[in-house]
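So this one's input_10.txt, compact mmCIF, C-alpha atoms:
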```txt
# COMPACT_ATOMS: atom_id res chain seq x y z
CA MET A 1 -12.53 -112.78 45.09
CA LEU A 2 -15.85 -114.07 43.73
CA ILE A 3 -17.51 -117.11 45.28
CA MET A 4 -20.70 -118.53 43.80
CA VAL A 5 -23.13 -120.78 45.68
CA THR A 6 -25.88 -122.44 43.66
CA GLY A 7 -28.48 -125.16 44.05
CA GLY A 8 -32.22 -125.71 44.17
CA LEU A 9 -34.81 -124.12 46.44
CA GLY A 10 -34.33 -125.16 50.08
CA ALA A 11 -30.94 -126.81 49.47
CA GLY A 12 -29.20 -124.91 52.30
CA LYS A 13 -27.38 -122.32 50.20
CA THR A 14 -27.79 -119.40 52.62
CA ARG A 15 -26.74 -121.39 55.69
CA PHE A 16 -23.67 -122.67 53.85
CA ALA A 17 -22.82 -119.20 52.48
CA LEU A 18 -23.04 -117.53 55.90
CA SER A 19 -20.94 -120.27 57.48
CA MET A 20 -18.29 -119.86 54.79
CA ALA A 21 -18.40 -116.06 55.00
CA THR A 22 -17.73 -116.03 58.75
CA ARG A 23 -14.61 -118.14 58.15
CA LEU A 24 -13.34 -115.81 55.44
CA ALA A 25 -14.01 -112.37 56.91
CA ARG A 26 -14.50 -110.70 60.28
CA GLU A 27 -17.25 -108.41 59.06
CA GLY A 28 -19.74 -108.49 56.26
CA ILE A 29 -22.67 -107.01 54.46
CA TYR A 30 -25.62 -109.29 53.77
CA ILE A 31 -27.69 -108.04 50.84
CA SER A 32 -31.15 -109.55 50.95
CA ALA A 33 -33.03 -109.91 47.67
CA PRO A 34 -35.29 -112.89 48.39
CA GLY A 35 -37.87 -112.14 45.72
CA ARG A 36 -41.19 -113.84 45.39
CA LEU A 37 -39.53 -117.27 45.36
CA ALA A 38 -38.77 -117.00 49.06
CA ALA A 39 -41.12 -114.29 50.29
CA GLY A 40 -40.64 -113.78 53.98
CA ALA A 41 -37.29 -115.56 54.07
CA SER A 42 -34.71 -113.92 56.28
CA ALA A 43 -31.17 -115.16 55.76
CA GLY A 44 -32.49 -118.67 55.25
CA GLY A 45 -33.58 -118.78 58.89
CA CYS A 46 -29.98 -118.13 59.97
CA GLU A 47 -28.87 -115.49 62.42
CA LEU A 48 -26.44 -112.96 61.04
CA PRO A 49 -23.29 -112.47 63.11
CA PRO A 50 -23.21 -109.17 65.05
CA SER A 51 -20.46 -107.82 62.79
CA TYR A 52 -22.65 -108.24 59.69
CA HIS A 53 -24.88 -105.47 58.39
CA ARG A 54 -28.10 -106.25 56.49
CA ILE A 55 -29.27 -104.34 53.41
CA SER A 56 -32.61 -105.18 51.80
CA VAL A 57 -32.99 -104.28 48.15
CA ASP A 58 -36.23 -103.05 46.60
CA GLN A 59 -37.42 -100.90 43.71
CA GLU A 60 -36.10 -97.72 45.38
CA MET A 61 -32.72 -99.30 46.10
CA PRO A 62 -32.11 -101.89 43.34
CA LEU A 63 -29.38 -104.50 43.62
CA PRO A 64 -27.13 -103.16 40.82
CA ASN A 65 -27.14 -99.72 42.49
CA VAL A 66 -26.31 -101.18 45.91
CA LEU A 67 -23.36 -103.14 44.51
CA GLU A 68 -22.11 -100.15 42.56
CA HIS A 69 -22.32 -97.94 45.64
CA LEU A 70 -20.51 -100.49 47.85
CA ASN A 71 -17.78 -100.91 45.26
CA LEU A 72 -17.24 -97.17 44.87
CA GLU A 73 -17.31 -96.50 48.61
CA SER A 74 -15.18 -99.49 49.65
CA ASN A 75 -12.12 -98.87 51.74
CA ILE A 76 -9.29 -100.81 50.08
CA PHE A 77 -7.68 -101.38 53.49
CA ARG A 78 -10.81 -103.15 54.77
CA ALA A 79 -11.34 -105.28 51.68
CA ASP A 80 -9.56 -108.31 53.15
CA ARG A 81 -11.66 -108.17 56.33
CA ARG A 82 -15.12 -107.68 54.81
CA ILE A 83 -17.26 -109.90 52.63
CA VAL A 84 -20.42 -108.95 50.76
CA ILE A 85 -23.07 -111.66 50.43
CA VAL A 86 -25.79 -111.32 47.78
CA ASP A 87 -28.82 -113.51 48.55
CA SER A 88 -30.03 -114.08 45.83
CA ILE A 89 -29.64 -113.26 42.17
CA THR A 90 -32.63 -115.45 41.35
CA GLY A 91 -34.81 -113.65 43.89
CA TRP A 92 -33.78 -110.27 42.51
CA LEU A 93 -34.56 -111.34 38.95
CA SER A 94 -37.96 -112.78 39.92
CA ASP A 95 -38.87 -109.43 41.50
CA GLU A 96 -37.74 -107.59 38.37
CA PHE A 97 -40.10 -109.70 36.28
CA GLY A 98 -43.13 -108.84 38.41
CA SER A 99 -46.33 -110.55 37.37
CA GLY A 100 -48.12 -110.69 34.07
CA SER A 101 -46.94 -110.74 30.50
CA LEU A 102 -44.14 -108.48 29.32
CA GLU A 103 -44.03 -106.24 26.28
CA GLN A 104 -40.97 -106.30 24.02
CA ALA A 105 -39.59 -103.06 25.50
CA GLU A 106 -39.93 -104.46 29.03
CA ARG A 107 -38.07 -107.64 28.01
CA ARG A 108 -35.22 -105.55 26.62
CA ARG A 109 -35.17 -103.47 29.83
CA LEU A 110 -34.80 -106.68 31.86
CA GLU A 111 -31.92 -107.85 29.66
CA VAL A 112 -30.15 -104.51 30.17
CA LYS A 113 -30.70 -104.67 33.96
CA ALA A 114 -29.33 -108.22 34.10
CA GLU A 115 -26.28 -107.15 32.09
CA ARG A 116 -25.69 -104.20 34.43
CA LEU A 117 -25.96 -106.49 37.46
CA LEU A 118 -23.49 -108.93 35.90
CA ASP A 119 -21.02 -106.10 35.24
CA ASN A 120 -21.32 -104.92 38.86
CA LEU A 121 -20.84 -108.45 40.19
CA LEU A 122 -17.82 -109.22 38.02
CA ASN A 123 -16.17 -105.85 38.62
CA TYR A 124 -16.64 -105.84 42.39
CA GLN A 125 -13.36 -105.17 44.21
CA GLY A 126 -13.20 -107.28 47.35
CA MET A 127 -14.71 -110.52 48.60
CA LEU A 128 -18.12 -111.21 47.12
CA LEU A 129 -20.24 -114.29 47.75
CA VAL A 130 -23.22 -114.65 45.41
CA ILE A 131 -26.12 -117.03 46.00
CA THR A 132 -28.17 -118.14 43.01
CA ASN A 133 -30.45 -120.98 41.99
CA GLU A 134 -30.25 -123.69 39.41
CA ILE A 135 -33.29 -123.43 37.21
CA SER A 136 -35.07 -126.53 35.92
CA SER A 137 -36.20 -126.46 32.35
CA LEU A 138 -39.88 -126.60 31.50
CA LEU A 139 -41.23 -128.55 28.55
CA HIS A 140 -43.40 -125.69 27.28
CA PRO A 141 -42.36 -122.48 29.02
CA SER A 142 -44.21 -119.23 28.48
CA GLU A 143 -42.24 -116.42 26.83
CA GLU A 144 -41.59 -114.88 30.26
CA GLU A 145 -40.43 -118.19 31.76
CA ALA A 146 -38.12 -118.79 28.80
CA LEU A 147 -36.65 -115.29 29.16
CA PHE A 148 -36.20 -115.76 32.92
CA GLY A 149 -34.43 -119.08 32.29
CA ARG A 150 -32.14 -117.58 29.66
CA LEU A 151 -31.23 -114.60 31.84
CA ILE A 152 -30.52 -116.55 35.04
CA SER A 153 -28.61 -119.19 33.07
CA ARG A 154 -26.45 -116.52 31.43
CA LEU A 155 -25.78 -114.83 34.77
CA ASN A 156 -24.88 -118.17 36.35
CA MET A 157 -22.58 -119.25 33.52
CA GLU A 158 -20.73 -115.93 33.38
CA MET A 159 -20.29 -115.84 37.16
CA ALA A 160 -19.16 -119.47 37.29
CA ALA A 161 -16.61 -118.86 34.56
CA ARG A 162 -15.10 -115.90 36.44
CA ALA A 163 -15.60 -117.10 40.02
CA ASP A 164 -12.67 -118.22 42.12
CA ARG A 165 -14.80 -120.89 43.77
CA VAL A 166 -18.18 -122.40 42.83
CA PHE A 167 -20.24 -124.58 45.16
CA GLN A 168 -23.42 -126.51 44.44
CA LEU A 169 -25.69 -127.55 47.27
CA THR A 170 -28.07 -130.47 47.33
CA ALA A 171 -29.90 -131.43 50.54
CA GLY A 172 -27.50 -129.34 52.61
CA LEU A 173 -24.40 -130.98 51.14
CA ALA A 174 -21.93 -128.80 49.26
CA VAL A 175 -19.71 -129.88 46.38
CA GLU A 176 -17.02 -127.56 45.06
CA LEU A 177 -17.52 -127.56 41.31
CA LYS A 178 -14.76 -125.29 40.08
CA GLU A 179 -11.93 -127.63 41.10
CA ARG A 180 -13.69 -130.59 39.49
CA SER A 181 -14.78 -128.93 36.27
CA LEU A 182 -13.67 -130.18 32.87
CA ARG A 183 -12.36 -127.78 30.28
CA TYR A 184 -13.95 -128.10 26.88
```
Encoding of this model in C-alpha cells:
Amino acid sequence: MLIMVTGGLGAGKTRFALSMATRLAREGIYISAPGRLAAGASAGGCELPPSYHRISVDQEMPLPNVLEHLNLESNIFRADRRIVIVDSITGWLSDEFGSGSLEQAERRRLEVKAERLLDNLLNYQGMLLVITNEISSLLHPSEEEALFGRLISRLNMEMAARADRVFQLTAGLAVELKERSLRY
C-alpha cells in the first residue's frame, strides 16, 4: 500500500503522517531525509512512538539504497504490522542537488537517481507512506531550479497516480485527493 502526503512547507505533513501511521501499523521505520529545506528538523517536531525506528539518510546511505535494502530484507509476515515513512522526497532531492550550478553530466545523474528512487518507491512491498512537497513555479527559474521542479513534479505525479491514498495538507488540514480526483 502506498500513501502519499503532500503540501507546502510547514503545512503539518509530518505530524499528520505519523498520526496516520500509528493508526495503520503497530511498528514502523521513519526514514529522515529533511534536506536543506528543513535543516535541523526532526520528525516535524513530533515524537516517534517507541515501536518506531529512525533511519537518517545521507551520502553514505542514500535513500534509494535504504528503500531497496528494506524491501529485500522485509519479512512478508510482518508487512501488515509495519509501515515505512519517508520524510521527505523533496528534502532528499534538495540534498542531491547540492549547491552551485550543475554540468550536463550531473543533471543526467540526478535524473537517473530520481528514476531509481521512483522505482524503489513504486515497487516497495508493504505499507509505505511518502511525504513530499508541492513546488511553486517561479517566473524565471534558473536551469537548476527548473530541473528540480521537473523532477519533483514527475515523482509526485507518478506516485499520486499509483498511490492508494493521496492527502494534501494546508495549514494543518488534510484533504484526501485520490477519492475526489477527476479522470481525464
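Within 9 Å of the point (-14.7, -105.0, 43.5), and counting all atoms listed in the file, the protein, DNA and RNA residues are Met1, Leu67, Glu68, Leu70, Asn71, Leu72, Ser74, Ala79, Asn120, Leu121, Leu122, Asn123, Tyr124, Gln125, Gly126, Met127 and Leu128 of chain A.
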Considering only C-alpha atoms, give me a table of residues in range 113-134 of chain A that are at most 10 Å from range 162-171 of chain A, with the closest atom pair and distance in Å for each, as a Markdown table.
```
| residue | atom | partner | partner_atom | distance |
| --- | --- | --- | --- | --- |
| A:Leu122 | CA | A:Arg162 | CA | 7.4 |
| A:Leu128 | CA | A:Ala163 | CA | 9.6 |
| A:Leu129 | CA | A:Arg165 | CA | 9.4 |
| A:Val130 | CA | A:Val166 | CA | 9.6 |
| A:Ile131 | CA | A:Phe167 | CA | 9.6 |
| A:Thr132 | CA | A:Gln168 | CA | 9.7 |
| A:Asn133 | CA | A:Gln168 | CA | 9.3 |
| A:Glu134 | CA | A:Gln168 | CA | 8.9 |
```
| said: One number please: CA of Arg108 in chain A to CA of Leu147 in chain A, in Å, one decimal. | reply: 10.2 Å
In file coordinates, which residues lie within 8 Å of (-22.0, -120.1, 50.9) using all atoms listed in the file, given as a compact mmCIF listing (two decimals) with C-alpha atoms, in the frame of the given file?
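The result, written out as part21.txt:
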```txt
# COMPACT_ATOMS: atom_id res chain seq x y z
CA ILE A 3 -17.51 -117.11 45.28
CA MET A 4 -20.70 -118.53 43.80
CA VAL A 5 -23.13 -120.78 45.68
CA LYS A 13 -27.38 -122.32 50.20
CA THR A 14 -27.79 -119.40 52.62
CA ARG A 15 -26.74 -121.39 55.69
CA PHE A 16 -23.67 -122.67 53.85
CA ALA A 17 -22.82 -119.20 52.48
CA LEU A 18 -23.04 -117.53 55.90
CA SER A 19 -20.94 -120.27 57.48
CA MET A 20 -18.29 -119.86 54.79
CA ALA A 21 -18.40 -116.06 55.00
CA LEU A 129 -20.24 -114.29 47.75
CA VAL A 130 -23.22 -114.65 45.41
CA ILE A 131 -26.12 -117.03 46.00
CA PHE A 167 -20.24 -124.58 45.16
```
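Pairwise distance (CA of Leu9 in chain A, CA of Ile135 in chain A) equals 9.4 Å.
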| note | Expressed in Å, the length from CA of Phe97 in chain A to CA of Pro64 in chain A is 15.2 Å
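The residue that comes closest to Tyr30 in chain A, out of A:Val86, A:Ala114, A:Leu63, A:Leu2 and on the basis of only C-alpha atoms, is A:Val86.
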| Neighbours of range 48-54 of chain A within 8 Å (all atoms listed in the file; same-chain residues fewer than 3 positions away dropped), as a PyMOL selection string? | chain A and resi 18+22+26-32+43
Please, could you write that set of residues out with C-alpha atoms as a PDB file, in the frame of the given file?
```
ATOM      1  CA  LEU A  18     -23.040-117.530  55.900  1.00  0.00           C
ATOM      2  CA  THR A  22     -17.730-116.030  58.750  1.00  0.00           C
ATOM      3  CA  ARG A  26     -14.500-110.700  60.280  1.00  0.00           C
ATOM      4  CA  GLU A  27     -17.250-108.410  59.060  1.00  0.00           C
ATOM      5  CA  GLY A  28     -19.740-108.490  56.260  1.00  0.00           C
ATOM      6  CA  ILE A  29     -22.670-107.010  54.460  1.00  0.00           C
ATOM      7  CA  TYR A  30     -25.620-109.290  53.770  1.00  0.00           C
ATOM      8  CA  ILE A  31     -27.690-108.040  50.840  1.00  0.00           C
ATOM      9  CA  SER A  32     -31.150-109.550  50.950  1.00  0.00           C
ATOM     10  CA  ALA A  43     -31.170-115.160  55.760  1.00  0.00           C
TER      11      ALA A  43
END
```
